[in-house]
$ cat target_6.pdb   # PDB, C-alpha atoms
ATOM      1  CA  MET A 145     213.722 -91.010-103.581
ATOM      2  CA  PHE A 146     214.151 -89.071-100.344
ATOM      3  CA  VAL A 147     215.635 -92.089 -98.578
ATOM      4  CA  ARG A 148     218.288 -92.489-101.280
ATOM      5  CA  LYS A 149     219.293 -88.861-100.677
ATOM      6  CA  GLY A 150     219.546 -89.436 -96.910
ATOM      7  CA  VAL A 151     216.429 -87.379 -96.149
ATOM      8  CA  LYS A 152     213.943 -88.796 -93.647
ATOM      9  CA  VAL A 153     210.368 -87.583 -93.961
ATOM     10  CA  SER A 154     207.827 -87.759 -91.155
ATOM     11  CA  THR A 155     204.336 -86.415 -90.653
ATOM     12  CA  ASN A 156     201.761 -85.909 -87.921
ATOM     13  CA  SER A 157     198.249 -87.297 -88.252
ATOM     14  CA  ASN A 158     195.189 -88.097 -86.196
ATOM     15  CA  LEU A 159     194.607 -91.011 -88.649
ATOM     16  CA  THR A 160     190.880 -90.358 -88.851
ATOM     17  CA  LEU A 161     190.815 -90.349 -92.670
ATOM     18  CA  LEU A 162     193.085 -93.311 -93.398
ATOM     19  CA  ASN A 163     191.827 -96.102 -95.652
ATOM     20  CA  PRO A 164     193.542 -99.232 -97.082
ATOM     21  CA  ASP A 165     194.806 -97.415-100.195
ATOM     22  CA  ARG A 166     196.232 -94.497 -98.185
ATOM     23  CA  ALA A 167     197.782 -96.927 -95.686
ATOM     24  CA  GLU A 168     199.599 -98.709 -98.503
ATOM     25  CA  ARG A 169     200.759 -95.402 -99.979
ATOM     26  CA  CYS A 170     202.176 -94.426 -96.568
ATOM     27  CA  ILE A 171     204.343 -97.544 -96.773
ATOM     28  CA  THR A 172     205.394 -97.289-100.417
ATOM     29  CA  SER A 173     206.074 -93.543-100.269
ATOM     30  CA  GLY A 174     209.218 -94.027 -98.216
ATOM     31  CA  LEU A 175     207.757 -92.151 -95.259
ATOM     32  CA  ASP A 176     210.047 -92.693 -92.270
ATOM     33  CA  CYS A 177     207.700 -91.961 -89.366
ATOM     34  CA  ILE A 178     204.101 -91.082 -88.553
ATOM     35  CA  HIS A 179     203.413 -89.250 -85.287
ATOM     36  CA  VAL A 180     199.896 -90.354 -84.356
ATOM     37  CA  SER A 181     197.884 -87.900 -82.221
ATOM     38  CA  ILE A 182     195.942 -89.756 -79.527
ATOM     39  CA  ASP A 183     194.924 -87.842 -76.413
ATOM     40  CA  ALA A 184     193.336 -90.665 -74.409
ATOM     41  CA  ALA A 185     193.126 -94.447 -74.240
ATOM     42  CA  ARG A 186     189.401 -94.479 -73.425
ATOM     43  CA  ALA A 187     186.935 -93.567 -76.146
ATOM     44  CA  GLU A 188     184.747 -91.317 -74.011
ATOM     45  CA  ILE A 189     187.660 -89.068 -73.073
ATOM     46  CA  TYR A 190     189.325 -89.173 -76.497
ATOM     47  CA  GLU A 191     186.057 -88.295 -78.257
ATOM     48  CA  ARG A 192     185.305 -85.470 -75.841
ATOM     49  CA  ILE A 193     188.677 -83.924 -76.682
ATOM     50  CA  ARG A 194     188.790 -84.798 -80.411
ATOM     51  CA  VAL A 195     185.287 -83.754 -81.417
ATOM     52  CA  ARG A 196     183.881 -85.748 -84.365
ATOM     53  CA  ALA A 197     186.691 -88.311 -84.143
ATOM     54  CA  ARG A 198     186.227 -91.912 -82.995
ATOM     55  CA  LEU A 199     188.924 -93.771 -81.138
ATOM     56  CA  ASP A 200     187.837 -97.159 -82.496
ATOM     57  CA  ARG A 201     188.279 -95.854 -86.058
ATOM     58  CA  VAL A 202     191.743 -94.486 -85.275
ATOM     59  CA  LEU A 203     192.800 -97.822 -83.763
ATOM     60  CA  ARG A 204     191.442 -99.704 -86.809
ATOM     61  CA  ASN A 205     193.446 -97.339 -88.991
ATOM     62  CA  ILE A 206     196.601 -98.078 -87.018
ATOM     63  CA  ASP A 207     195.885-101.756 -87.665
ATOM     64  CA  LEU A 208     195.567-100.931 -91.393
ATOM     65  CA  LEU A 209     199.014 -99.337 -91.351
ATOM     66  CA  LEU A 210     200.579-102.207 -89.431
ATOM     67  CA  ALA A 211     198.986-104.789 -91.757
ATOM     68  CA  ALA A 212     200.149-102.918 -94.868
ATOM     69  CA  ARG A 213     203.631-102.602 -93.441
ATOM     70  CA  GLU A 214     203.773-106.339 -92.737
ATOM     71  CA  ARG A 215     202.249-107.293 -96.106
ATOM     72  CA  LEU A 216     204.804-105.140 -97.932
ATOM     73  CA  GLY A 217     207.703-106.359 -95.782
ATOM     74  CA  SER A 218     208.614-102.913 -94.504
ATOM     75  CA  LYS A 219     209.619-101.555 -91.119
ATOM     76  CA  HIS A 220     208.541 -98.052 -92.159
ATOM     77  CA  PRO A 221     206.884 -95.828 -91.408
ATOM     78  CA  ARG A 222     207.667 -96.167 -87.744
ATOM     79  CA  LEU A 223     204.795 -95.094 -85.513
ATOM     80  CA  LYS A 224     205.128 -92.724 -82.571
ATOM     81  CA  LEU A 225     202.323 -91.495 -80.350
ATOM     82  CA  VAL A 226     201.811 -87.817 -79.518
ATOM     83  CA  MET A 227     199.500 -86.751 -76.682
ATOM     84  CA  VAL A 228     198.416 -83.272 -75.627
ATOM     85  CA  VAL A 229     198.077 -83.594 -71.857
ATOM     86  CA  MET A 230     195.596 -81.547 -69.859
ATOM     87  CA  ARG A 231     193.588 -81.876 -66.678
ATOM     88  CA  GLN A 232     190.793 -83.896 -68.274
ATOM     89  CA  ASN A 233     193.103 -86.583 -69.712
ATOM     90  CA  LEU A 234     196.029 -86.638 -67.265
ATOM     91  CA  SER A 235     194.779 -89.872 -65.683
ATOM     92  CA  GLU A 236     194.899 -91.486 -69.146
ATOM     93  CA  LEU A 237     198.658 -91.088 -69.461
ATOM     94  CA  PRO A 238     199.728 -94.547 -68.161
ATOM     95  CA  ASP A 239     197.139 -96.240 -70.380
ATOM     96  CA  VAL A 240     198.229 -94.164 -73.382
ATOM     97  CA  VAL A 241     201.748 -95.557 -72.874
ATOM     98  CA  ARG A 242     200.246 -99.070 -72.780
ATOM     99  CA  LEU A 243     198.272 -98.292 -75.951
ATOM    100  CA  ALA A 244     201.433 -97.166 -77.730
ATOM    101  CA  HIS A 245     203.154-100.407 -76.777
ATOM    102  CA  ARG A 246     200.190-102.512 -77.910
ATOM    103  CA  TYR A 247     200.387-100.887 -81.355
ATOM    104  CA  ALA A 248     204.179-101.258 -81.695
ATOM    105  CA  MET A 249     204.891 -97.539 -81.346
ATOM    106  CA  ASP A 250     208.472 -96.516 -80.602
ATOM    107  CA  SER A 251     207.711 -93.688 -78.238
ATOM    108  CA  VAL A 252     205.211 -91.381 -76.600
ATOM    109  CA  PHE A 253     205.751 -87.630 -76.751
ATOM    110  CA  VAL A 254     203.566 -85.737 -74.287
ATOM    111  CA  GLN A 255     203.093 -81.992 -74.611
ATOM    112  CA  HIS A 256     201.142 -79.236 -72.878
ATOM    113  CA  LEU A 257     198.608 -77.046 -74.566
ATOM    114  CA  CYS A 258     200.909 -74.774 -76.544
ATOM    115  CA  HIS A 259     199.526 -71.281 -76.207
ATOM    116  CA  ASP A 260     198.093 -69.386 -73.264
ATOM    117  CA  PHE A 261     196.370 -66.611 -75.243
ATOM    118  CA  GLY A 262     197.330 -64.285 -72.387
ATOM    119  CA  GLU A 263     198.293 -61.214 -74.382
ATOM    120  CA  SER A 264     196.312 -58.095 -73.536
ATOM    121  CA  SER A 265     195.493 -57.379 -77.184
ATOM    122  CA  LEU A 266     193.790 -60.746 -77.700
ATOM    123  CA  PRO A 267     190.784 -60.397 -80.043
ATOM    124  CA  ALA A 268     187.460 -61.237 -78.395
ATOM    125  CA  GLN A 269     186.864 -64.333 -80.535
ATOM    126  CA  TYR A 270     189.894 -66.032 -78.894
ATOM    127  CA  LYS A 271     188.593 -65.591 -75.332
ATOM    128  CA  PRO A 272     186.887 -69.036 -75.268
ATOM    129  CA  MET A 273     190.187 -70.602 -76.304
ATOM    130  CA  ARG A 274     192.029 -68.713 -73.570
ATOM    131  CA  ASP A 275     189.432 -69.824 -71.022
ATOM    132  CA  PHE A 276     189.749 -73.455 -72.178
ATOM    133  CA  VAL A 277     193.531 -73.429 -71.924
ATOM    134  CA  GLN A 278     193.370 -71.756 -68.505
ATOM    135  CA  ALA A 279     190.908 -74.386 -67.265
ATOM    136  CA  GLU A 280     192.901 -77.336 -68.669
ATOM    137  CA  THR A 281     196.583 -76.460 -68.227
ATOM    138  CA  LEU A 282     198.588 -78.678 -65.912
ATOM    139  CA  LEU A 283     200.816 -75.763 -65.031
ATOM    140  CA  GLU A 284     198.250 -74.653 -62.457
ATOM    141  CA  ASP A 285     196.977 -78.108 -61.479
ATOM    142  CA  ASN A 286     197.768 -79.858 -58.208
ATOM    143  CA  PRO A 287     201.500 -80.747 -58.519
ATOM    144  CA  ALA A 288     201.024 -83.959 -56.506
ATOM    145  CA  ARG A 289     198.312 -85.141 -58.916
ATOM    146  CA  VAL A 290     200.497 -84.378 -61.938
ATOM    147  CA  GLU A 291     203.494 -86.128 -60.375
ATOM    148  CA  GLN A 292     201.367 -89.194 -59.529
ATOM    149  CA  TYR A 293     200.386 -89.816 -63.154
ATOM    150  CA  PHE A 294     203.764 -88.813 -64.591
ATOM    151  CA  THR A 295     205.484 -91.257 -62.215
ATOM    152  CA  GLU A 296     203.064 -94.063 -63.080
ATOM    153  CA  ALA A 297     203.517 -93.413 -66.801
ATOM    154  CA  LYS A 298     207.318 -93.466 -66.409
ATOM    155  CA  GLN A 299     207.113 -96.808 -64.606
ATOM    156  CA  VAL A 300     204.862 -98.291 -67.309
ATOM    157  CA  ALA A 301     207.137 -96.957 -70.054
ATOM    158  CA  GLU A 302     210.205 -98.446 -68.400
ATOM    159  CA  GLU A 303     208.499-101.833 -67.929
ATOM    160  CA  LEU A 304     207.337-101.932 -71.569
ATOM    161  CA  GLY A 305     210.456-100.429 -73.140
ATOM    162  CA  VAL A 306     208.611 -97.407 -74.543
ATOM    163  CA  GLU A 307     210.491 -94.125 -74.785
ATOM    164  CA  LEU A 308     208.497 -91.467 -72.911
ATOM    165  CA  ARG A 309     209.045 -87.723 -73.173
ATOM    166  CA  LEU A 310     207.147 -85.633 -70.640
ATOM    167  CA  PRO A 311     206.794 -81.843 -70.465
ATOM    168  CA  ARG A 312     207.930 -79.663 -67.602
ATOM    169  CA  THR A 313     205.477 -79.386 -64.753
ATOM    170  CA  HIS A 314     206.257 -75.813 -63.807
ATOM    171  CA  LYS A 315     206.012 -72.497 -65.576
ATOM    172  CA  ARG A 316     209.024 -71.030 -67.289
ATOM    173  CA  PRO A 317     209.413 -67.285 -67.502
ATOM    174  CA  SER A 318     207.905 -65.997 -70.719
ATOM    175  CA  PRO A 319     210.297 -64.217 -73.028
ATOM    176  CA  SER A 320     209.668 -60.560 -73.519
ATOM    177  CA  ARG A 321     207.809 -59.741 -76.721
ATOM    178  CA  HIS A 322     211.007 -58.090 -77.934
ATOM    179  CA  ALA A 323     213.272 -61.056 -77.194
ATOM    180  CA  GLY A 324     213.015 -62.605 -80.655
ATOM    181  CA  PRO A 325     212.321 -66.096 -81.979
ATOM    182  CA  LYS A 326     215.281 -67.789 -80.257
ATOM    183  CA  ALA A 327     214.014 -66.809 -76.783
ATOM    184  CA  LEU A 328     210.509 -68.000 -77.681
ATOM    185  CA  ARG A 329     211.899 -71.318 -78.915
ATOM    186  CA  LEU A 330     213.821 -71.790 -75.677
ATOM    187  CA  ALA A 331     210.735 -71.069 -73.586
ATOM    188  CA  LEU A 332     208.767 -73.771 -75.418
ATOM    189  CA  GLU A 333     211.387 -76.530 -75.367
ATOM    190  CA  TRP A 334     210.712 -79.479 -73.057
ATOM    191  CA  PRO A 335     213.288 -81.866 -71.610
ATOM    192  CA  VAL A 336     213.297 -85.630 -72.067
ATOM    193  CA  PHE A 337     212.523 -87.561 -68.865
TER     194      PHE A 337
END

$ encode --input "target_6.pdb" --output "structure tokens"
Amino acid sequence: MFVRKGVKVSTNSNLTLLNPDRAERCITSGLDCIHVSIDAARAEIYERIRVRARLDRVLRNIDLLLAARERLGSKHPRLKLVMVVMRQNLSELPDVVRLAHRYAMDSVFVQHLCHDFGESSLPAQYKPMRDFVQAETLLEDNPARVEQYFTEAKQVAEELGVELRLPRTHKRPSPSRHAGPKALRLALEWPVF
């Protein structure tokens, strides 16, 4: 119904709860695209980041989607990979691009951890989150290390024909808390490389 109206619907998922019936419904629903969250190509790193998730299960579930799509003669939903990059998985980036290609994904969108929890009025229960983000952000990592893996990932993406979108590798000035939603949106936008 949405497709007939010219509306394209997409969703984000870590695909941990997919089963054959849900995979088929993803195809028959008219869903245009699924953005699959995968933060590493190696199980030990992925499972350290995505607690209680298993990379082998996610990859089997991608296979379920691809098989259902083929069985039903559909090109949709398209699959795109989304990765949250941080210090502990930066070295995985080139292999994540290879993984996306292996599973017929159109593109890889890489993003930083989204929030720094730096406000002075932060409730105490968010301090562990702030400490985690501070320890893992690439914005304060060795720029040469970041550039090494970004460059390698770009080369792999170009060789394999995978669209790769990488985040900025330097801090942008934070908007003032009175600047409004447009300034905040601009501070969080990332260019395509």

$ closest_atom_pairs --input "target_6.pdb" --of "range 161-267 of chain A" --to "range 292-298 of chain A" --cutoff "9 Å" --atoms "only C-alpha atoms" --output "CSV"
residue,atom,partner,partner_atom,distance
A:Leu234,CA,A:Tyr293,CA,6.8
A:Ser235,CA,A:Tyr293,CA,6.2
A:Glu236,CA,A:Tyr293,CA,8.3
A:Leu237,CA,A:Ala297,CA,6.0
A:Pro238,CA,A:Ala297,CA,4.2
A:Asp239,CA,A:Ala297,CA,7.8
A:Val240,CA,A:Ala297,CA,8.5
A:Val241,CA,A:Ala297,CA,6.7
A:Arg242,CA,A:Ala297,CA,8.9

$ atom_distance --input "target_6.pdb" --atom1 "CA of Ala279 in chain A" --atom2 "CA of His179 in chain A"
26.5 Å

$ residues_around --input "target_6.pdb" --residues "Tyr247 in chain A" --least-positions-apart "2" --cutoff "12 Å" --atoms "only C-alpha atoms" --output "ChimeraX atom specification"
/A:180,202-211,222-225,240-245,249-252,306

$ residues_around --input "target_6.pdb" --residues "range 169-173 of chain A" --least-positions-apart "4" --cutoff "9 Å" --atoms "all atoms listed in the file" --output "list of chain:residue names"
A:Met145, A:Pro164, A:Asp165, A:Ile178, A:Leu209, A:Ala212, A:Arg213, A:Leu216, A:Ser218, A:Lys219, A:His220, A:Pro221

$ write_last_selection --input "target_6.pdb" --atoms "C-alpha atoms" --output "short mmCIF file (atom, residue, chain, number, x, y, z; two decimals), in the coordinates of the input"
data_model
loop_
_atom_site.label_atom_id
_atom_site.label_comp_id
_atom_site.auth_asym_id
_atom_site.auth_seq_id
_atom_site.Cartn_x
_atom_site.Cartn_y
_atom_site.Cartn_z
CA MET A 145 213.72 -91.01 -103.58
CA PRO A 164 193.54 -99.23 -97.08
CA ASP A 165 194.81 -97.42 -100.20
CA ILE A 178 204.10 -91.08 -88.55
CA LEU A 209 199.01 -99.34 -91.35
CA ALA A 212 200.15 -102.92 -94.87
CA ARG A 213 203.63 -102.60 -93.44
CA LEU A 216 204.80 -105.14 -97.93
CA SER A 218 208.61 -102.91 -94.50
CA LYS A 219 209.62 -101.56 -91.12
CA HIS A 220 208.54 -98.05 -92.16
CA PRO A 221 206.88 -95.83 -91.41
#

$ axis_aligned_box --input "target_6.pdb" --around "range 195-209 of chain A" --padding-each-side "4 Å" --output "JSON"
{"center_x": 191.4, "center_y": -92.8, "center_z": -86.3, "size_x": 23.1, "size_y": 26.0, "size_z": 18.3}

$ closest_residue --input "target_6.pdb" --among "A:Gln232, A:Thr313, A:Ser265, A:Asn163" --to "Arg201 in chain A" --atoms "all atoms listed in the file"
A:Asn163

$ closest_residue --input "target_6.pdb" --among "A:Arg274, A:Glu168, A:Ser264, A:Arg196" --to "Gly217 in chain A" --atoms "only C-alpha atoms"
A:Glu168

$ atom_distance --input "target_6.pdb" --atom1 "CA of Glu263 in chain A" --atom2 "CA of Val277 in chain A"
13.3 Å

$ closest_residue --input "target_6.pdb" --among "A:Ile182, A:Arg215, A:Tyr190, A:Met230" --to "Ala167 in chain A" --atoms "only C-alpha atoms"
A:Arg215

$ atom_distance --input "target_6.pdb" --atom1 "CA of Leu175 in chain A" --atom2 "CA of Val153 in chain A"
5.4 Å

$ closest_residue --input "target_6.pdb" --among "A:Arg309, A:Asp275, A:Asn233, A:Val226" --to "Arg192 in chain A" --atoms "all atoms listed in the file"
A:Asn233

$ resolve_selection --input "target_6.pdb" --expression "the PyMOL selection byres ((chain A and resi 281) around 12)" --output "PyMOL selection string"
chain A and resi 228-234+255-260+273-280+282-287+290+311-315

$ write_last_selection --input "target_6.pdb" --atoms "C-alpha atoms" --output "compact mmCIF listing (two decimals), keeping the file's coordinate frame"
# COMPACT_ATOMS: atom_id res chain seq x y z
CA VAL A 228 198.42 -83.27 -75.63
CA VAL A 229 198.08 -83.59 -71.86
CA MET A 230 195.60 -81.55 -69.86
CA ARG A 231 193.59 -81.88 -66.68
CA GLN A 232 190.79 -83.90 -68.27
CA ASN A 233 193.10 -86.58 -69.71
CA LEU A 234 196.03 -86.64 -67.26
CA GLN A 255 203.09 -81.99 -74.61
CA HIS A 256 201.14 -79.24 -72.88
CA LEU A 257 198.61 -77.05 -74.57
CA CYS A 258 200.91 -74.77 -76.54
CA HIS A 259 199.53 -71.28 -76.21
CA ASP A 260 198.09 -69.39 -73.26
CA MET A 273 190.19 -70.60 -76.30
CA ARG A 274 192.03 -68.71 -73.57
CA ASP A 275 189.43 -69.82 -71.02
CA PHE A 276 189.75 -73.46 -72.18
CA VAL A 277 193.53 -73.43 -71.92
CA GLN A 278 193.37 -71.76 -68.50
CA ALA A 279 190.91 -74.39 -67.26
CA GLU A 280 192.90 -77.34 -68.67
CA LEU A 282 198.59 -78.68 -65.91
CA LEU A 283 200.82 -75.76 -65.03
CA GLU A 284 198.25 -74.65 -62.46
CA ASP A 285 196.98 -78.11 -61.48
CA ASN A 286 197.77 -79.86 -58.21
CA PRO A 287 201.50 -80.75 -58.52
CA VAL A 290 200.50 -84.38 -61.94
CA PRO A 311 206.79 -81.84 -70.46
CA ARG A 312 207.93 -79.66 -67.60
CA THR A 313 205.48 -79.39 -64.75
CA HIS A 314 206.26 -75.81 -63.81
CA LYS A 315 206.01 -72.50 -65.58

$ decode --input "target_6.pdb" --residues "range 213-268 of chain A" --atoms "C-alpha atoms" --output "PDB file, in the first residue's frame"
ATOM      1  CA  ARG A 213      13.681 -12.294  -0.843  1.00  0.00           C
ATOM      2  CA  GLU A 214      14.951 -14.686  -3.516  1.00  0.00           C
ATOM      3  CA  ARG A 215      12.148 -17.216  -2.948  1.00  0.00           C
ATOM      4  CA  LEU A 216       9.530 -14.473  -3.291  1.00  0.00           C
ATOM      5  CA  GLY A 217      11.244 -12.901  -6.307  1.00  0.00           C
ATOM      6  CA  SER A 218      11.734  -9.525  -4.663  1.00  0.00           C
ATOM      7  CA  LYS A 219      14.588  -7.042  -4.577  1.00  0.00           C
ATOM      8  CA  HIS A 220      13.214  -5.514  -1.368  1.00  0.00           C
ATOM      9  CA  PRO A 221      13.896  -4.823   1.336  1.00  0.00           C
ATOM     10  CA  ARG A 222      17.343  -3.624   0.420  1.00  0.00           C
ATOM     11  CA  LEU A 223      19.882  -4.174   3.182  1.00  0.00           C
ATOM     12  CA  LYS A 224      22.271  -1.521   4.464  1.00  0.00           C
ATOM     13  CA  LEU A 225      24.762  -1.918   7.283  1.00  0.00           C
ATOM     14  CA  VAL A 226      25.059   0.579  10.140  1.00  0.00           C
ATOM     15  CA  MET A 227      28.076   0.545  12.467  1.00  0.00           C
ATOM     16  CA  VAL A 228      28.733   2.583  15.600  1.00  0.00           C
ATOM     17  CA  VAL A 229      32.497   3.086  15.512  1.00  0.00           C
ATOM     18  CA  MET A 230      34.575   3.428  18.659  1.00  0.00           C
ATOM     19  CA  ARG A 231      38.096   2.685  19.804  1.00  0.00           C
ATOM     20  CA  GLN A 232      37.430  -0.987  20.518  1.00  0.00           C
ATOM     21  CA  ASN A 233      36.033  -1.755  17.042  1.00  0.00           C
ATOM     22  CA  LEU A 234      37.838   0.740  14.790  1.00  0.00           C
ATOM     23  CA  SER A 235      40.145  -1.981  13.450  1.00  0.00           C
ATOM     24  CA  GLU A 236      37.039  -3.931  12.369  1.00  0.00           C
ATOM     25  CA  LEU A 237      35.936  -1.267   9.903  1.00  0.00           C
ATOM     26  CA  PRO A 238      37.556  -2.704   6.722  1.00  0.00           C
ATOM     27  CA  ASP A 239      36.194  -6.165   7.529  1.00  0.00           C
ATOM     28  CA  VAL A 240      32.736  -4.734   8.240  1.00  0.00           C
ATOM     29  CA  VAL A 241      32.772  -3.296   4.703  1.00  0.00           C
ATOM     30  CA  ARG A 242      33.735  -6.758   3.402  1.00  0.00           C
ATOM     31  CA  LEU A 243      30.925  -8.298   5.473  1.00  0.00           C
ATOM     32  CA  ALA A 244      28.404  -5.878   3.985  1.00  0.00           C
ATOM     33  CA  HIS A 245      29.525  -6.821   0.489  1.00  0.00           C
ATOM     34  CA  ARG A 246      29.353 -10.547   1.254  1.00  0.00           C
ATOM     35  CA  TYR A 247      25.716 -10.132   2.325  1.00  0.00           C
ATOM     36  CA  ALA A 248      24.710  -8.002  -0.689  1.00  0.00           C
ATOM     37  CA  MET A 249      24.296  -4.797   1.316  1.00  0.00           C
ATOM     38  CA  ASP A 250      24.149  -1.538  -0.627  1.00  0.00           C
ATOM     39  CA  SER A 251      26.117   0.579   1.785  1.00  0.00           C
ATOM     40  CA  VAL A 252      27.807   1.003   5.134  1.00  0.00           C
ATOM     41  CA  PHE A 253      26.937   3.991   7.303  1.00  0.00           C
ATOM     42  CA  VAL A 254      29.432   4.534  10.114  1.00  0.00           C
ATOM     43  CA  GLN A 255      28.594   6.811  13.023  1.00  0.00           C
ATOM     44  CA  HIS A 256      30.194   7.938  16.274  1.00  0.00           C
ATOM     45  CA  LEU A 257      28.695   7.413  19.671  1.00  0.00           C
ATOM     46  CA  CYS A 258      25.959  10.037  19.600  1.00  0.00           C
ATOM     47  CA  HIS A 259      25.978  11.707  22.983  1.00  0.00           C
ATOM     48  CA  ASP A 260      28.791  12.866  25.230  1.00  0.00           C
ATOM     49  CA  PHE A 261      26.755  13.215  28.444  1.00  0.00           C
ATOM     50  CA  GLY A 262      28.946  16.224  29.240  1.00  0.00           C
ATOM     51  CA  GLU A 263      26.323  18.537  30.692  1.00  0.00           C
ATOM     52  CA  SER A 264      27.012  19.678  34.240  1.00  0.00           C
ATOM     53  CA  SER A 265      23.526  18.728  35.439  1.00  0.00           C
ATOM     54  CA  LEU A 266      23.914  15.084  34.404  1.00  0.00           C
ATOM     55  CA  PRO A 267      22.177  12.772  36.911  1.00  0.00           C
ATOM     56  CA  ALA A 268      24.556  10.417  38.717  1.00  0.00           C
TER      57      ALA A 268
END
